[in-house]
file upload-v3.cif (mmCIF, C-alpha atoms)
data_start
loop_
_atom_site.label_atom_id
_atom_site.label_comp_id
_atom_site.auth_asym_id
_atom_site.auth_seq_id
_atom_site.Cartn_x
_atom_site.Cartn_y
_atom_site.Cartn_z
CA MET A 1122 189.58 103.91 194.29
CA ALA A 1123 186.99 106.44 195.42
CA VAL A 1124 189.06 107.20 198.53
CA ILE A 1125 192.27 107.53 196.50
CA ALA A 1126 190.57 109.89 194.03
CA ASP A 1127 189.06 112.12 196.76
CA PHE A 1128 191.99 114.54 197.03
CA PRO A 1129 190.13 117.25 199.01
CA ALA A 1130 189.70 114.69 201.84
CA TYR A 1131 193.41 113.74 202.09
CA PRO A 1132 194.13 116.18 204.96
CA GLU A 1133 191.44 114.36 206.98
CA TRP A 1134 193.23 111.00 206.88
CA ALA A 1135 196.79 111.40 205.55
CA ASN A 1136 198.53 112.98 208.55
CA ALA A 1137 201.42 114.60 206.64
CA VAL A 1138 199.13 116.15 204.00
CA LYS A 1139 198.10 119.56 205.25
CA GLN A 1140 196.38 120.91 202.12
CA THR A 1141 195.42 119.78 198.61
CA GLU A 1142 194.15 121.66 195.59
CA VAL A 1143 192.85 120.03 192.42
CA LEU A 1144 194.28 122.18 189.62
CA ALA A 1145 192.85 120.33 186.61
CA THR A 1146 190.14 117.72 186.11
CA GLY A 1147 189.62 115.48 183.09
CA ALA A 1148 186.40 114.87 181.20
CA ASP A 1149 185.95 111.68 183.27
CA GLY A 1150 185.81 113.76 186.46
CA TYR A 1151 189.12 112.47 187.82
CA ALA A 1152 191.83 114.93 188.87
CA GLU A 1153 194.61 115.37 186.33
CA GLN A 1154 196.81 117.67 188.42
CA VAL A 1155 196.86 118.16 192.18
CA ARG A 1156 198.97 120.45 194.38
CA PHE A 1157 199.92 119.10 197.81
CA THR A 1158 201.26 120.86 200.88
CA LEU A 1159 203.15 118.28 202.92
CA ASP A 1160 204.54 118.57 206.45
CA ALA A 1161 206.15 115.34 207.61
CA GLY A 1162 208.29 116.81 210.38
CA ALA A 1163 211.77 117.18 208.93
CA PHE A 1164 210.40 116.98 205.38
CA LYS A 1165 208.17 119.79 204.15
CA ASP A 1166 207.23 120.42 200.53
CA VAL A 1167 204.69 121.96 198.20
CA TYR A 1168 204.47 119.93 195.00
CA THR A 1169 202.21 119.20 192.05
CA LEU A 1170 201.49 115.73 190.68
CA ALA A 1171 199.99 114.72 187.32
CA TYR A 1172 197.67 111.69 187.36
CA ASP A 1173 196.89 109.04 184.76
CA TRP A 1174 193.80 106.98 185.64
CA ALA A 1175 193.32 103.51 184.12
CA SER A 1176 190.10 103.15 182.14
CA ASP A 1177 189.16 100.03 184.14
CA GLY A 1178 189.25 102.03 187.40
CA MET A 1179 191.74 99.62 188.98
CA SER A 1180 194.92 101.70 188.93
CA VAL A 1181 196.29 105.20 188.90
CA ARG A 1182 199.82 106.40 188.15
CA TRP A 1183 201.33 109.76 188.91
CA SER A 1184 204.46 111.78 188.30
CA LEU A 1185 205.90 115.00 189.62
CA VAL A 1186 205.16 118.16 187.67
CA LYS A 1187 206.80 120.59 190.07
CA GLY A 1188 208.20 120.49 193.58
CA GLN A 1189 210.40 122.44 195.96
CA MET A 1190 212.22 119.55 197.70
CA GLN A 1191 211.69 116.83 195.09
CA ARG A 1192 213.43 116.38 191.78
CA ALA A 1193 211.21 113.44 190.77
CA GLN A 1194 208.31 111.38 192.08
CA ASN A 1195 206.61 108.47 190.34
CA GLY A 1196 204.04 106.22 191.89
CA GLU A 1197 201.11 103.92 191.37
CA TYR A 1198 198.18 102.46 193.26
CA ARG A 1199 197.00 99.17 191.73
CA LEU A 1200 193.84 97.54 193.08
CA THR A 1201 193.13 93.83 192.73
CA ALA A 1202 189.83 92.24 193.76
CA GLU A 1203 190.29 89.22 196.02
CA GLY A 1204 186.82 87.96 196.84
CA GLU A 1205 185.15 90.55 199.06
CA LEU A 1206 188.50 92.22 199.76
CA THR A 1207 190.68 94.50 197.66
CA ARG A 1208 194.46 94.22 197.61
CA VAL A 1209 196.23 97.56 197.17
CA THR A 1210 199.72 97.56 195.70
CA TYR A 1211 201.54 100.86 196.17
CA THR A 1212 204.77 101.74 194.42
CA LEU A 1213 206.67 104.95 194.94
CA SER A 1214 209.95 106.41 193.80
CA VAL A 1215 211.08 109.81 195.07
CA GLN A 1216 214.24 111.71 194.22
CA LEU A 1217 214.98 114.64 196.50
CA VAL A 1218 216.80 117.83 195.53
CA VAL A 1219 219.16 117.30 198.48
CA PRO A 1220 221.23 114.10 198.21
CA MET A 1221 220.50 111.48 200.87
CA ILE A 1222 222.59 108.49 201.93
CA GLY A 1223 221.09 105.29 200.50
CA LEU A 1224 220.40 103.70 203.89
CA PHE A 1225 218.49 106.76 205.12
CA ARG A 1226 216.62 107.09 201.82
CA ARG A 1227 215.43 103.47 201.93
CA LYS A 1228 214.33 103.87 205.56
CA ALA A 1229 212.43 107.08 204.72
CA GLU A 1230 210.77 105.41 201.70
CA LYS A 1231 209.67 102.46 203.87
CA VAL A 1232 208.19 104.77 206.51
CA ILE A 1233 206.36 106.82 203.85
CA MET A 1234 204.93 103.72 202.15
CA ASP A 1235 203.96 101.95 205.38
CA THR A 1236 202.28 105.08 206.73
CA ALA A 1237 200.44 105.78 203.47
CA LEU A 1238 199.04 102.25 203.27
CA LYS A 1239 198.05 102.14 206.95
CA GLU A 1240 196.29 105.50 206.70
CA LEU A 1241 194.52 104.48 203.46
CA LYS A 1242 193.40 101.19 205.04
CA ARG A 1243 192.09 102.98 208.12
CA ARG A 1244 190.16 105.49 205.93
CA VAL A 1245 188.61 102.79 203.73
CA GLU A 1246 187.50 100.77 206.75
CA ILE A 1247 185.57 103.71 208.29
#

call {"tool": "encode", "arguments": {"input": "upload-v3.cif", "output": "structure tokens"}}
result
Amino acid sequence: MAVIADFPAYPEWANAVKQTEVLATGADGYAEQVRFTLDAGAFKDVYTLAYDWASDGMSVRWSLVKGQMQRAQNGEYRLTAEGELTRVTYTLSVQLVVPMIGLFRRKAEKVIMDTALKELKRRVEI
């Protein structure tokens, strides 16, 4: 969870994330709102997410506050201890301002999720 919560470091390991800015932090020290600048080739956006951190430190949920290309975004990282390993379950739902054919949307969602998990895994294993 420390890697997930370290938003200033995202541009170092999440290739599409070019810049982050923590706009608000809670009393617990976790970010409550973060602005992202994203450049994923054909998809570019500047957007702000609001975060809700579980008190047990094992999950975080987020939702879109404001975006240029997105109408909605909801997601969650849920961590589950499995012996010495940690399983990460990532859910994401994005609704773009521009309509997209279902087949292309599902393919884009799969690429985004696969890339995010691979990059997170690579960062954690450093």

call {"tool": "atom_distance", "arguments": {"input": "upload-v3.cif", "atom1": "CA of Gln1189 (chain A)", "atom2": "CA of Lys1239 (chain A)"}}
result
26.2 Å

call {"tool": "residues_near_point", "arguments": {"input": "upload-v3.cif", "point": "(192.2, 120.6, 194.0)", "cutoff": "7 Å", "atoms": "only C-alpha atoms", "output": "list in words"}}
result
Phe1128, Pro1129, Thr1141, Glu1142, Val1143, Leu1144, Val1155 and Arg1156 of chain A

call {"tool": "closest_residue", "arguments": {"input": "upload-v3.cif", "among": "A:Gln1191, A:Gln1154, A:Gln1216, A:Thr1236", "to": "Thr1169 (chain A)", "atoms": "only C-alpha atoms"}}
result
A:Gln1154

call {"tool": "closest_residue", "arguments": {"input": "upload-v3.cif", "among": "A:Ala1202, A:Val1219, A:Ala1145, A:Ala1135", "to": "Ser1180 (chain A)", "atoms": "all atoms listed in the file"}}
result
A:Ala1202

call {"tool": "residues_around", "arguments": {"input": "upload-v3.cif", "residues": "Val1245 (chain A)", "least_positions_apart": "4", "cutoff": "9 Å", "atoms": "all atoms listed in the file", "output": "PyMOL selection string"}}
result
chain A and resi 1124+1240-1241

call {"tool": "closest_residue", "arguments": {"input": "upload-v3.cif", "among": "A:Ile1247, A:Val1218, A:Val1138, A:Ala1123", "to": "Met1179 (chain A)", "atoms": "all atoms listed in the file"}}
result
A:Ala1123

call {"tool": "closest_residue", "arguments": {"input": "upload-v3.cif", "among": "A:Glu1246, A:Asp1149, A:Tyr1172, A:Leu1159", "to": "Thr1207 (chain A)", "atoms": "all atoms listed in the file"}}
result
A:Glu1246

call {"tool": "atom_distance", "arguments": {"input": "upload-v3.cif", "atom1": "CA of Ala1175 (chain A)", "atom2": "CA of Met1190 (chain A)"}}
result
28.3 Å

call {"tool": "atom_distance", "arguments": {"input": "upload-v3.cif", "atom1": "CA of Phe1164 (chain A)", "atom2": "CA of Lys1139 (chain A)"}}
result
12.6 Å

call {"tool": "closest_residue", "arguments": {"input": "upload-v3.cif", "among": "A:Glu1133, A:Gly1178, A:Asp1173, A:Ala1148", "to": "Thr1201 (chain A)", "atoms": "only C-alpha atoms"}}
result
A:Gly1178

call {"tool": "decode", "arguments": {"input": "upload-v3.cif", "residues": "region 1128-1163 of chain A", "atoms": "N, CA and C atoms", "output": "compact mmCIF listing (two decimals), in the first residue's frame"}}
result
# COMPACT_ATOMS: atom_id res chain seq x y z
N PHE A 1128 1.96 9.00 -4.32
CA PHE A 1128 1.58 9.63 -5.59
C PHE A 1128 2.70 10.43 -6.25
N PRO A 1129 3.54 11.15 -5.50
CA PRO A 1129 4.62 11.88 -6.17
C PRO A 1129 5.56 10.97 -6.97
N ALA A 1130 5.65 9.69 -6.62
CA ALA A 1130 6.53 8.76 -7.33
C ALA A 1130 5.89 8.12 -8.56
N TYR A 1131 4.59 8.29 -8.78
CA TYR A 1131 3.93 7.64 -9.92
C TYR A 1131 4.63 7.90 -11.25
N PRO A 1132 5.06 9.12 -11.56
CA PRO A 1132 5.71 9.33 -12.86
C PRO A 1132 6.99 8.50 -13.04
N GLU A 1133 7.58 8.02 -11.96
CA GLU A 1133 8.78 7.20 -12.04
C GLU A 1133 8.48 5.78 -12.52
N TRP A 1134 7.26 5.28 -12.25
CA TRP A 1134 6.98 3.88 -12.57
C TRP A 1134 5.72 3.65 -13.39
N ALA A 1135 4.80 4.58 -13.42
CA ALA A 1135 3.59 4.44 -14.22
C ALA A 1135 3.81 5.25 -15.51
N ASN A 1136 4.13 4.57 -16.59
CA ASN A 1136 4.61 5.23 -17.81
C ASN A 1136 3.69 6.32 -18.34
N ALA A 1137 2.38 6.14 -18.25
CA ALA A 1137 1.45 7.13 -18.82
C ALA A 1137 1.28 8.34 -17.91
N VAL A 1138 1.62 8.22 -16.63
CA VAL A 1138 1.47 9.33 -15.69
C VAL A 1138 2.68 10.24 -15.82
N LYS A 1139 2.43 11.45 -16.26
CA LYS A 1139 3.52 12.40 -16.47
C LYS A 1139 3.73 13.33 -15.28
N GLN A 1140 2.66 13.59 -14.52
CA GLN A 1140 2.78 14.49 -13.38
C GLN A 1140 1.64 14.19 -12.39
N THR A 1141 1.94 14.34 -11.11
CA THR A 1141 0.90 14.23 -10.07
C THR A 1141 1.06 15.39 -9.11
N GLU A 1142 -0.04 15.76 -8.49
CA GLU A 1142 -0.01 16.79 -7.46
C GLU A 1142 -1.04 16.44 -6.39
N VAL A 1143 -0.57 16.24 -5.17
CA VAL A 1143 -1.48 15.98 -4.05
C VAL A 1143 -2.10 17.32 -3.66
N LEU A 1144 -3.43 17.41 -3.79
CA LEU A 1144 -4.14 18.66 -3.52
C LEU A 1144 -4.64 18.76 -2.09
N ALA A 1145 -4.92 17.61 -1.48
CA ALA A 1145 -5.42 17.60 -0.10
C ALA A 1145 -4.98 16.31 0.57
N THR A 1146 -4.63 16.43 1.84
CA THR A 1146 -4.19 15.28 2.64
C THR A 1146 -5.03 15.21 3.90
N GLY A 1147 -5.40 14.00 4.29
CA GLY A 1147 -6.18 13.81 5.50
C GLY A 1147 -5.32 13.81 6.75
N ALA A 1148 -5.97 13.79 7.90
CA ALA A 1148 -5.26 13.77 9.18
C ALA A 1148 -4.37 12.54 9.32
N ASP A 1149 -4.73 11.45 8.61
CA ASP A 1149 -3.94 10.22 8.67
C ASP A 1149 -2.70 10.26 7.77
N GLY A 1150 -2.53 11.36 7.04
CA GLY A 1150 -1.37 11.51 6.17
C GLY A 1150 -1.58 11.00 4.75
N TYR A 1151 -2.68 10.31 4.50
CA TYR A 1151 -2.98 9.82 3.16
C TYR A 1151 -3.60 10.92 2.31
N ALA A 1152 -3.30 10.90 1.01
CA ALA A 1152 -3.86 11.87 0.09
C ALA A 1152 -5.37 11.69 -0.02
N GLU A 1153 -6.08 12.80 0.00
CA GLU A 1153 -7.54 12.77 -0.19
C GLU A 1153 -7.92 13.18 -1.61
N GLN A 1154 -7.14 14.06 -2.22
CA GLN A 1154 -7.37 14.45 -3.61
C GLN A 1154 -6.02 14.59 -4.32
N VAL A 1155 -5.98 14.04 -5.54
CA VAL A 1155 -4.75 14.07 -6.33
C VAL A 1155 -5.09 14.43 -7.77
N ARG A 1156 -4.31 15.36 -8.34
CA ARG A 1156 -4.45 15.71 -9.75
C ARG A 1156 -3.39 14.95 -10.55
N PHE A 1157 -3.82 14.35 -11.65
CA PHE A 1157 -2.95 13.58 -12.53
C PHE A 1157 -2.89 14.22 -13.91
N THR A 1158 -1.72 14.20 -14.51
CA THR A 1158 -1.56 14.54 -15.92
C THR A 1158 -1.16 13.24 -16.60
N LEU A 1159 -2.01 12.79 -17.51
CA LEU A 1159 -1.85 11.49 -18.16
C LEU A 1159 -1.60 11.68 -19.65
N ASP A 1160 -0.65 10.92 -20.18
CA ASP A 1160 -0.39 10.91 -21.61
C ASP A 1160 -0.16 9.46 -22.01
N ALA A 1161 -1.23 8.84 -22.52
CA ALA A 1161 -1.17 7.44 -22.93
C ALA A 1161 -1.32 7.36 -24.45
N GLY A 1162 -0.53 8.15 -25.16
CA GLY A 1162 -0.60 8.16 -26.61
C GLY A 1162 -1.84 8.88 -27.10
N ALA A 1163 -2.81 8.12 -27.58
CA ALA A 1163 -4.04 8.72 -28.12
C ALA A 1163 -4.91 9.32 -27.02
